[in-house]
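So the structure is just underneath, and the comments pick up after that.
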Amino acid sequence: MSKFQTSIHEYLETLPEHTFNRLYQKPATCLAIFRLLPPLGKQIIMSCLYVDKPIPVNEMRLWFKDGAGITKQMEAMTRLKALHIFTEQHNNYKMNPTFLQEFRNALTGGGNSESFGLATSTPDKHHVDIAFLDDYATKQWEAILHFMVGTTEGKPPCKGVLNLLGRSGLMTGGSNAQQAENMDAREFASQMARQDFGVPTITNKGFQFLLQDINTQVWAFLLQYLNMAESLNMDLVEVLTFFFQLGSLELGNDYSSEKLTPSQTHLLEDLKAYGIVYQRKRGSRRYYPTRLATTLTSGTPVMLGSHSNATKNGASAAAAVRKTEEEEEDGHGFIVIETNYRVYAYTDSPLQIAVLNLFVHLRDRFPNMVTGVVTRDSIRRALSNGITAEQIITYLSAHAHAQMRKHSPVLPLTVVDQIRLWEIEKNRLRAAPSWNYSQFNRQQDFESTLEYASELGVVQWSDSKRKMLCITQEGHQPVGAYVRKLITKHKEQQAQQQQQAHQQQQQQHHHHATSVHS
């Protein structure tokens with residue numbers, strides 16, 4: 001299965017220059033990529049925005065302090081050049097003229113305003129508010145996560161979501177999982193959507209995915225969608241442009257879908273299943289971006305209320321929004337962990353409880369709280385599922401209760417150190433594919449082979465007494481060829497020795513016959 005990505009930066013840096021030239025024709029795309037840059041990259045662009053001539057490399061270095069400042073400047077310029085915002089020619093930095101013009105338009109309001117979405121000209125008879133959009137996004141997104149962890153909340157995702165889960169390797173087929181290993185990613189995705197493929201199960205990548213923040217999860221989905229765009233006969237640039245356009249839209253406003261390209265219209269249908277956009281019915285001429293869309297390029301964490309809390313208490317969608325606001329005020333945390341490894345989670349969300357159950361041994365459940373304990377077995381179970389100790393610690397820190405955040409460090413050091421020690425304990429032995437060489441006829445051959453393998457740096461283990469040698473998988477081909485040469489050389493030597501012995505016997509026999517004749 002293909003490795004899923006979570007960073008839009010890494011994906012963009014793999015694109016060719018002609019793709020960027022098309023992307024930078026839209027002011028919204030230029031602004032979105034600018035917002036995704038680190039602070040120093042933004043500062044360099046703003047400093048050069050109205051400089052109409054190339055800037056000498058030595059002159060730009062004067063803007064920064066020697067030492068660490070120059071190092072950071074070089075790192076920032078490396079990223080800007082990878083995004084084809086700047087080029088270096090004849091010791092001069094020159095900004096991409098298309099990016100320069102369209103980014104100016106984005107800041108000054110010039111150029112094509114439709115790049116930031118086409119607002120509808122008539123009011124919507126079925127207008128929805130922000131509270132409704134938050135509840136809709138929460139319901140759609142949590143339905144996917146519930147399906148991954150195996151809870152029964154909500155209805156199962158549509159076939160498009162199943163395809164994406166299978167294509168990204170976050171989930172694999174149930175009864176036919178072994179058969180799926182021999183399929184390519186596209187075939188597996190189509191097979192996974194079939195009803196007779198068995199119950200999909202979460203993979204190690206899926207467990208890691210669940211511990212990420214929502215914004216990272218959404219980008220992981222969208223990046224995988226980009227990888228599927230070619231197989232769906234969609235224009236990659238149009239898909240990326242629409243993603244960046246969504247990040248610049250205003251939450252609560254409705255936008256027209258009439259001027260979207262066929263690729264973007266198809267994309268809009270798929271994004272509805274993820275909760276990124278809301279459309280009242282298929283083919284509607286307007287759509288609403290949800291909070292998942294408007295925070296794509298903002299760099300701020302996504303705050304969504306729990307859909308289950310709102311529906312369980314019989315409250316409206318506004319209750320979910322109020323809950324979200326309360327979580328923002330107290331740091332959106334709900335976990336308290338003590339030095340004795342006991343965990344108290346103030347939540348009634350089945351999803352949050354299911355995620356905690358990945359690395360916490362849960363003991364008691366109350367109407368608004370669950371209790372448990374972090375144990376060696378619970379951590380080892382999480383580690384065996386591909387979750388790392390650092391991911392567990394990061395998740396606990398990110399969701400720590402407001403009372404925990406009053407202390408520094410946030411988590412008890414005894415708990416943090418013990419989780420890392422349990423990981424080290426599990427990783428004492430590591431399985432690695434290797435080739436075993438044994439049964440050397442001569443000690444000289446073993447030592448010669450060991451010396452050759454050591455020079456290549458492919459020796460994993462050796463025993464001179466038993467004349468045994470373990471070689472890495474990469475080193476098998478050259479070492480195997482070396483051993484075959486030794487074997488061939490010995491056979492040739494044996495053949496020569498046998499020939500010489502045979503000639504000596506013939507000479508002795510001839511000499512003996514001559515003597516008898518005499």
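Residue names in the structure tokens use chain letters A, B, ... in the order shown, residue numbers from 1 in each chain, and ligand numbers from 1 in the order shown.
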
Checklist entry - Which neighbours of Thr347 (chain A) fall inside 7 Å, counting only C-alpha atoms, when residues of the same chain fewer than 4 positions from it are skipped, and could you give them as a VMD selection string? => result chain A and resid 334 368 to 369

Using N, CA, C and O atoms, can you export the residues from the last selection as a PDB file, in the first residue's frame?
ATOM      1  N   PHE A 334      -9.463  17.600  27.781  1.00  0.00           N
ATOM      2  CA  PHE A 334     -10.390  16.841  28.616  1.00  0.00           C
ATOM      3  C   PHE A 334      -9.690  15.733  29.396  1.00  0.00           C
ATOM      4  O   PHE A 334     -10.331  14.986  30.122  1.00  0.00           O
ATOM      5  N   ASN A 368     -20.387  11.327  32.124  1.00  0.00           N
ATOM      6  CA  ASN A 368     -19.574  12.363  31.478  1.00  0.00           C
ATOM      7  C   ASN A 368     -18.080  12.170  31.690  1.00  0.00           C
ATOM      8  O   ASN A 368     -17.297  13.100  31.513  1.00  0.00           O
ATOM      9  N   MET A 369     -17.658  10.949  32.044  1.00  0.00           N
ATOM     10  CA  MET A 369     -16.246  10.726  32.332  1.00  0.00           C
ATOM     11  C   MET A 369     -15.923   9.238  32.244  1.00  0.00           C
ATOM     12  O   MET A 369     -16.763   8.384  32.524  1.00  0.00           O
TER      13      MET A 369
END

Item to check | Selected residue of minimal separation from Tyr452 (chain A) among A:Phe440, A:Gln496, A:Val479, A:Gly150, counting only C-alpha atoms | outcome: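 For Tyr452 (chain A), the nearest of the given residues is A:Val479.
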
Next on the checklist: Going by DSSP on the backbone, which residues of region 14-174 of chain A come out as helix (DSSP H, G or I)? List them as a PyMOL selection string.
Outcome noted: chain A and resi 17-23+27-36+39-48+57-61+68-82+97-108+113-116+130-149+159-168

Would you write out those residues with C-alpha atoms, as a PDB file, in the first residue's frame?
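What landed in out-v4.pdb:
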ATOM      1  CA  GLU A  17       7.707  23.863 -12.511  1.00  0.00           C
ATOM      2  CA  HIS A  18       5.021  23.966 -15.212  1.00  0.00           C
ATOM      3  CA  THR A  19       2.428  22.890 -12.628  1.00  0.00           C
ATOM      4  CA  PHE A  20       3.377  25.827 -10.395  1.00  0.00           C
ATOM      5  CA  ASN A  21       3.169  28.206 -13.342  1.00  0.00           C
ATOM      6  CA  ARG A  22      -0.472  27.196 -13.785  1.00  0.00           C
ATOM      7  CA  LEU A  23      -1.211  27.284 -10.050  1.00  0.00           C
ATOM      8  CA  PRO A  27      -4.467  34.994  -6.696  1.00  0.00           C
ATOM      9  CA  ALA A  28      -6.190  32.735  -4.144  1.00  0.00           C
ATOM     10  CA  THR A  29      -3.590  30.017  -4.715  1.00  0.00           C
ATOM     11  CA  CYS A  30      -0.715  32.461  -4.259  1.00  0.00           C
ATOM     12  CA  LEU A  31      -2.222  33.730  -1.017  1.00  0.00           C
ATOM     13  CA  ALA A  32      -2.886  30.189   0.260  1.00  0.00           C
ATOM     14  CA  ILE A  33       0.680  29.038  -0.375  1.00  0.00           C
ATOM     15  CA  PHE A  34       1.970  32.235   1.241  1.00  0.00           C
ATOM     16  CA  ARG A  35      -0.097  31.483   4.370  1.00  0.00           C
ATOM     17  CA  LEU A  36       1.377  27.975   4.523  1.00  0.00           C
ATOM     18  CA  PRO A  39       7.349  33.213   9.155  1.00  0.00           C
ATOM     19  CA  LEU A  40      10.802  33.833   7.680  1.00  0.00           C
ATOM     20  CA  GLY A  41       9.634  32.784   4.205  1.00  0.00           C
ATOM     21  CA  LYS A  42       6.732  35.214   4.467  1.00  0.00           C
ATOM     22  CA  GLN A  43       9.063  38.001   5.567  1.00  0.00           C
ATOM     23  CA  ILE A  44      11.368  37.463   2.579  1.00  0.00           C
ATOM     24  CA  ILE A  45       8.449  37.566   0.127  1.00  0.00           C
ATOM     25  CA  MET A  46       6.973  40.725   1.639  1.00  0.00           C
ATOM     26  CA  SER A  47      10.395  42.404   1.577  1.00  0.00           C
ATOM     27  CA  CYS A  48      10.801  41.620  -2.132  1.00  0.00           C
ATOM     28  CA  VAL A  57      22.534  36.898  -3.038  1.00  0.00           C
ATOM     29  CA  ASN A  58      25.170  38.752  -0.998  1.00  0.00           C
ATOM     30  CA  GLU A  59      22.849  41.726  -0.549  1.00  0.00           C
ATOM     31  CA  MET A  60      20.025  39.548   0.842  1.00  0.00           C
ATOM     32  CA  ARG A  61      22.426  37.969   3.332  1.00  0.00           C
ATOM     33  CA  ALA A  68      22.223  31.123  12.821  1.00  0.00           C
ATOM     34  CA  GLY A  69      20.486  33.936  10.925  1.00  0.00           C
ATOM     35  CA  ILE A  70      22.236  33.064   7.659  1.00  0.00           C
ATOM     36  CA  THR A  71      21.474  29.367   8.185  1.00  0.00           C
ATOM     37  CA  LYS A  72      17.762  30.056   8.645  1.00  0.00           C
ATOM     38  CA  GLN A  73      17.774  32.343   5.607  1.00  0.00           C
ATOM     39  CA  MET A  74      19.306  29.610   3.467  1.00  0.00           C
ATOM     40  CA  GLU A  75      16.732  27.088   4.712  1.00  0.00           C
ATOM     41  CA  ALA A  76      13.895  29.487   3.914  1.00  0.00           C
ATOM     42  CA  MET A  77      15.262  30.202   0.433  1.00  0.00           C
ATOM     43  CA  THR A  78      15.652  26.470  -0.231  1.00  0.00           C
ATOM     44  CA  ARG A  79      11.942  25.997   0.428  1.00  0.00           C
ATOM     45  CA  LEU A  80      10.976  29.056  -1.637  1.00  0.00           C
ATOM     46  CA  LYS A  81      13.056  27.768  -4.554  1.00  0.00           C
ATOM     47  CA  ALA A  82      11.482  24.308  -4.216  1.00  0.00           C
ATOM     48  CA  PRO A  97       6.816  36.964 -12.229  1.00  0.00           C
ATOM     49  CA  THR A  98       3.457  35.155 -12.296  1.00  0.00           C
ATOM     50  CA  PHE A  99       3.472  34.666  -8.520  1.00  0.00           C
ATOM     51  CA  LEU A 100       4.600  38.270  -8.023  1.00  0.00           C
ATOM     52  CA  GLN A 101       1.774  39.765 -10.073  1.00  0.00           C
ATOM     53  CA  GLU A 102      -1.013  37.518  -8.776  1.00  0.00           C
ATOM     54  CA  PHE A 103       0.085  37.820  -5.154  1.00  0.00           C
ATOM     55  CA  ARG A 104      -0.009  41.600  -5.519  1.00  0.00           C
ATOM     56  CA  ASN A 105      -3.532  41.226  -6.912  1.00  0.00           C
ATOM     57  CA  ALA A 106      -4.496  39.059  -3.940  1.00  0.00           C
ATOM     58  CA  LEU A 107      -3.344  41.749  -1.493  1.00  0.00           C
ATOM     59  CA  THR A 108      -4.710  44.756  -3.370  1.00  0.00           C
ATOM     60  CA  SER A 113     -11.991  38.220  -8.069  1.00  0.00           C
ATOM     61  CA  GLU A 114     -13.618  34.860  -8.874  1.00  0.00           C
ATOM     62  CA  SER A 115     -10.400  33.208  -7.742  1.00  0.00           C
ATOM     63  CA  PHE A 116     -11.682  33.662  -4.167  1.00  0.00           C
ATOM     64  CA  ILE A 130     -22.555  28.521  11.170  1.00  0.00           C
ATOM     65  CA  ALA A 131     -23.965  26.345  13.945  1.00  0.00           C
ATOM     66  CA  PHE A 132     -25.581  24.049  11.392  1.00  0.00           C
ATOM     67  CA  LEU A 133     -22.373  23.875   9.323  1.00  0.00           C
ATOM     68  CA  ASP A 134     -20.296  22.994  12.390  1.00  0.00           C
ATOM     69  CA  ASP A 135     -22.702  20.220  13.324  1.00  0.00           C
ATOM     70  CA  TYR A 136     -22.762  18.926   9.744  1.00  0.00           C
ATOM     71  CA  ALA A 137     -18.959  18.886   9.472  1.00  0.00           C
ATOM     72  CA  THR A 138     -18.658  17.168  12.852  1.00  0.00           C
ATOM     73  CA  LYS A 139     -21.200  14.519  11.928  1.00  0.00           C
ATOM     74  CA  GLN A 140     -19.611  13.735   8.557  1.00  0.00           C
ATOM     75  CA  TRP A 141     -16.004  13.698   9.757  1.00  0.00           C
ATOM     76  CA  GLU A 142     -16.662  11.766  12.951  1.00  0.00           C
ATOM     77  CA  ALA A 143     -18.605   9.166  10.933  1.00  0.00           C
ATOM     78  CA  ILE A 144     -15.364   8.373   9.095  1.00  0.00           C
ATOM     79  CA  LEU A 145     -13.354   8.157  12.320  1.00  0.00           C
ATOM     80  CA  HIS A 146     -16.054   6.048  14.008  1.00  0.00           C
ATOM     81  CA  PHE A 147     -15.916   3.644  11.082  1.00  0.00           C
ATOM     82  CA  MET A 148     -12.127   3.395  11.417  1.00  0.00           C
ATOM     83  CA  VAL A 149     -12.175   2.560  15.123  1.00  0.00           C
ATOM     84  CA  LYS A 159     -18.063   4.082  -1.294  1.00  0.00           C
ATOM     85  CA  GLY A 160     -15.947   7.113  -2.188  1.00  0.00           C
ATOM     86  CA  VAL A 161     -14.677   7.346   1.388  1.00  0.00           C
ATOM     87  CA  LEU A 162     -14.032   3.601   1.466  1.00  0.00           C
ATOM     88  CA  ASN A 163     -11.981   3.934  -1.717  1.00  0.00           C
ATOM     89  CA  LEU A 164      -9.889   6.664  -0.134  1.00  0.00           C
ATOM     90  CA  LEU A 165      -9.374   4.701   3.093  1.00  0.00           C
ATOM     91  CA  GLY A 166      -8.213   1.705   1.097  1.00  0.00           C
ATOM     92  CA  ARG A 167      -6.080   3.688  -1.335  1.00  0.00           C
ATOM     93  CA  SER A 168      -4.232   5.432   1.479  1.00  0.00           C
TER      94      SER A 168
END

Hey, what's within 7 Å of region 277-291 of chain A if we count only C-alpha atoms and toss same-chain stuff fewer than 6 positions away? As a short mmCIF file (atom, residue, chain, number, x, y, z; two decimals) with N, CA, C and O atoms, in the first residue's frame, please?
data_model
loop_
_atom_site.label_atom_id
_atom_site.label_comp_id
_atom_site.auth_asym_id
_atom_site.auth_seq_id
_atom_site.Cartn_x
_atom_site.Cartn_y
_atom_site.Cartn_z
N LEU A 133 -23.54 24.34 10.07
CA LEU A 133 -22.37 23.88 9.32
C LEU A 133 -21.38 23.15 10.22
O LEU A 133 -20.80 22.13 9.83
N ASP A 134 -21.19 23.66 11.44
CA ASP A 134 -20.30 22.99 12.39
C ASP A 134 -20.82 21.60 12.74
O ASP A 134 -20.06 20.63 12.81
N ALA A 137 -20.35 19.30 9.65
CA ALA A 137 -18.96 18.89 9.47
C ALA A 137 -18.55 17.87 10.53
O ALA A 137 -17.87 16.88 10.23
N LEU A 246 -10.93 27.02 -1.31
CA LEU A 246 -11.78 26.76 -0.13
C LEU A 246 -11.17 27.37 1.12
O LEU A 246 -11.89 27.85 2.00
N LEU A 251 -16.54 31.50 6.31
CA LEU A 251 -17.47 30.57 6.93
C LEU A 251 -18.85 31.21 7.09
O LEU A 251 -18.97 32.35 7.56
N GLY A 252 -19.88 30.49 6.69
CA GLY A 252 -21.25 30.97 6.82
C GLY A 252 -21.81 31.58 5.55
O GLY A 252 -23.02 31.79 5.45
N ASN A 253 -20.97 31.89 4.57
CA ASN A 253 -21.43 32.43 3.29
C ASN A 253 -21.64 31.31 2.28
O ASN A 253 -20.97 30.27 2.33
N ASP A 254 -22.56 31.52 1.35
CA ASP A 254 -22.79 30.54 0.29
C ASP A 254 -22.18 31.05 -1.01
O ASP A 254 -22.14 32.26 -1.27
N TYR A 255 -21.69 30.12 -1.83
CA TYR A 255 -20.97 30.45 -3.05
C TYR A 255 -21.57 29.67 -4.22
O TYR A 255 -22.08 28.56 -4.06
N SER A 256 -21.46 30.26 -5.40
CA SER A 256 -22.04 29.65 -6.58
C SER A 256 -21.13 28.56 -7.14
O SER A 256 -19.90 28.70 -7.15
N SER A 257 -21.74 27.48 -7.62
CA SER A 257 -20.99 26.38 -8.22
C SER A 257 -21.16 26.35 -9.74
O SER A 257 -20.73 25.40 -10.39
N GLU A 258 -21.77 27.39 -10.30
CA GLU A 258 -22.08 27.38 -11.73
C GLU A 258 -20.84 27.47 -12.61
O GLU A 258 -20.83 26.93 -13.71
N LEU A 271 -16.19 16.03 -1.70
CA LEU A 271 -15.90 16.77 -0.47
C LEU A 271 -17.11 16.83 0.45
O LEU A 271 -16.95 17.01 1.67
#

Checklist entry - DSSP on the backbone: what in region 360-444 of chain A comes out strand (DSSP E or B), as a PyMOL selection string? => result chain A and resi 361-366+369-373+400+434-437

Write the residues of the preceding selection, restricted to N, CA, C and O atoms, as an mmCIF file, in the first residue's frame.
data_model
loop_
_atom_site.group_PDB
_atom_site.id
_atom_site.type_symbol
_atom_site.label_atom_id
_atom_site.label_comp_id
_atom_site.auth_asym_id
_atom_site.auth_seq_id
_atom_site.Cartn_x
_atom_site.Cartn_y
_atom_site.Cartn_z
ATOM 1 N N HIS A 361 -5.741 1.470 29.449
ATOM 2 C CA HIS A 361 -6.615 0.392 29.931
ATOM 3 C C HIS A 361 -7.787 1.031 30.680
ATOM 4 O O HIS A 361 -7.648 1.485 31.812
ATOM 5 N N LEU A 362 -8.950 1.108 30.016
ATOM 6 C CA LEU A 362 -10.119 1.762 30.603
ATOM 7 C C LEU A 362 -10.772 0.848 31.647
ATOM 8 O O LEU A 362 -10.929 -0.359 31.431
ATOM 9 N N ARG A 363 -11.197 1.462 32.756
ATOM 10 C CA ARG A 363 -11.768 0.679 33.858
ATOM 11 C C ARG A 363 -13.222 1.031 34.136
ATOM 12 O O ARG A 363 -14.070 0.146 34.225
ATOM 13 N N ASP A 364 -13.515 2.313 34.290
ATOM 14 C CA ASP A 364 -14.866 2.736 34.669
ATOM 15 C C ASP A 364 -15.386 3.764 33.681
ATOM 16 O O ASP A 364 -14.620 4.562 33.127
ATOM 17 N N ARG A 365 -16.700 3.748 33.497
ATOM 18 C CA ARG A 365 -17.336 4.725 32.615
ATOM 19 C C ARG A 365 -18.542 5.323 33.312
ATOM 20 O O ARG A 365 -19.410 4.605 33.803
ATOM 21 N N PHE A 366 -18.568 6.648 33.337
ATOM 22 C CA PHE A 366 -19.652 7.407 33.953
ATOM 23 C C PHE A 366 -20.336 8.236 32.869
ATOM 24 O O PHE A 366 -19.867 8.283 31.731
ATOM 25 N N MET A 369 -17.658 10.949 32.044
ATOM 26 C CA MET A 369 -16.246 10.726 32.332
ATOM 27 C C MET A 369 -15.923 9.238 32.244
ATOM 28 O O MET A 369 -16.763 8.384 32.524
ATOM 29 N N VAL A 370 -14.710 8.950 31.835
ATOM 30 C CA VAL A 370 -14.178 7.592 31.878
ATOM 31 C C VAL A 370 -12.860 7.622 32.629
ATOM 32 O O VAL A 370 -12.146 8.637 32.614
ATOM 33 N N THR A 371 -12.551 6.532 33.309
ATOM 34 C CA THR A 371 -11.292 6.428 34.044
ATOM 35 C C THR A 371 -10.524 5.216 33.538
ATOM 36 O O THR A 371 -11.107 4.248 33.024
ATOM 37 N N GLY A 372 -9.242 5.286 33.666
ATOM 38 C CA GLY A 372 -8.400 4.180 33.237
ATOM 39 C C GLY A 372 -7.003 4.349 33.777
ATOM 40 O O GLY A 372 -6.733 5.233 34.597
ATOM 41 N N VAL A 373 -6.109 3.522 33.319
ATOM 42 C CA VAL A 373 -4.726 3.570 33.775
ATOM 43 C C VAL A 373 -3.815 3.224 32.596
ATOM 44 O O VAL A 373 -4.150 2.379 31.763
ATOM 45 N N ALA A 400 -4.734 17.778 27.002
ATOM 46 C CA ALA A 400 -4.675 17.894 28.460
ATOM 47 C C ALA A 400 -5.707 18.894 28.966
ATOM 48 O O ALA A 400 -5.980 19.917 28.320
ATOM 49 N N SER A 434 17.363 -10.888 6.375
ATOM 50 C CA SER A 434 18.798 -11.133 6.218
ATOM 51 C C SER A 434 19.016 -12.474 5.536
ATOM 52 O O SER A 434 18.082 -13.265 5.365
ATOM 53 N N TRP A 435 20.271 -12.723 5.169
ATOM 54 C CA TRP A 435 20.683 -13.975 4.536
ATOM 55 C C TRP A 435 21.774 -14.604 5.382
ATOM 56 O O TRP A 435 22.720 -13.933 5.796
ATOM 57 N N ASN A 436 21.634 -15.911 5.634
ATOM 58 C CA ASN A 436 22.576 -16.634 6.478
ATOM 59 C C ASN A 436 23.535 -17.438 5.600
ATOM 60 O O ASN A 436 23.106 -18.242 4.767
ATOM 61 N N TYR A 437 24.842 -17.223 5.805
ATOM 62 C CA TYR A 437 25.881 -17.971 5.086
ATOM 63 C C TYR A 437 26.576 -18.896 6.087
ATOM 64 O O TYR A 437 27.076 -18.442 7.126
#
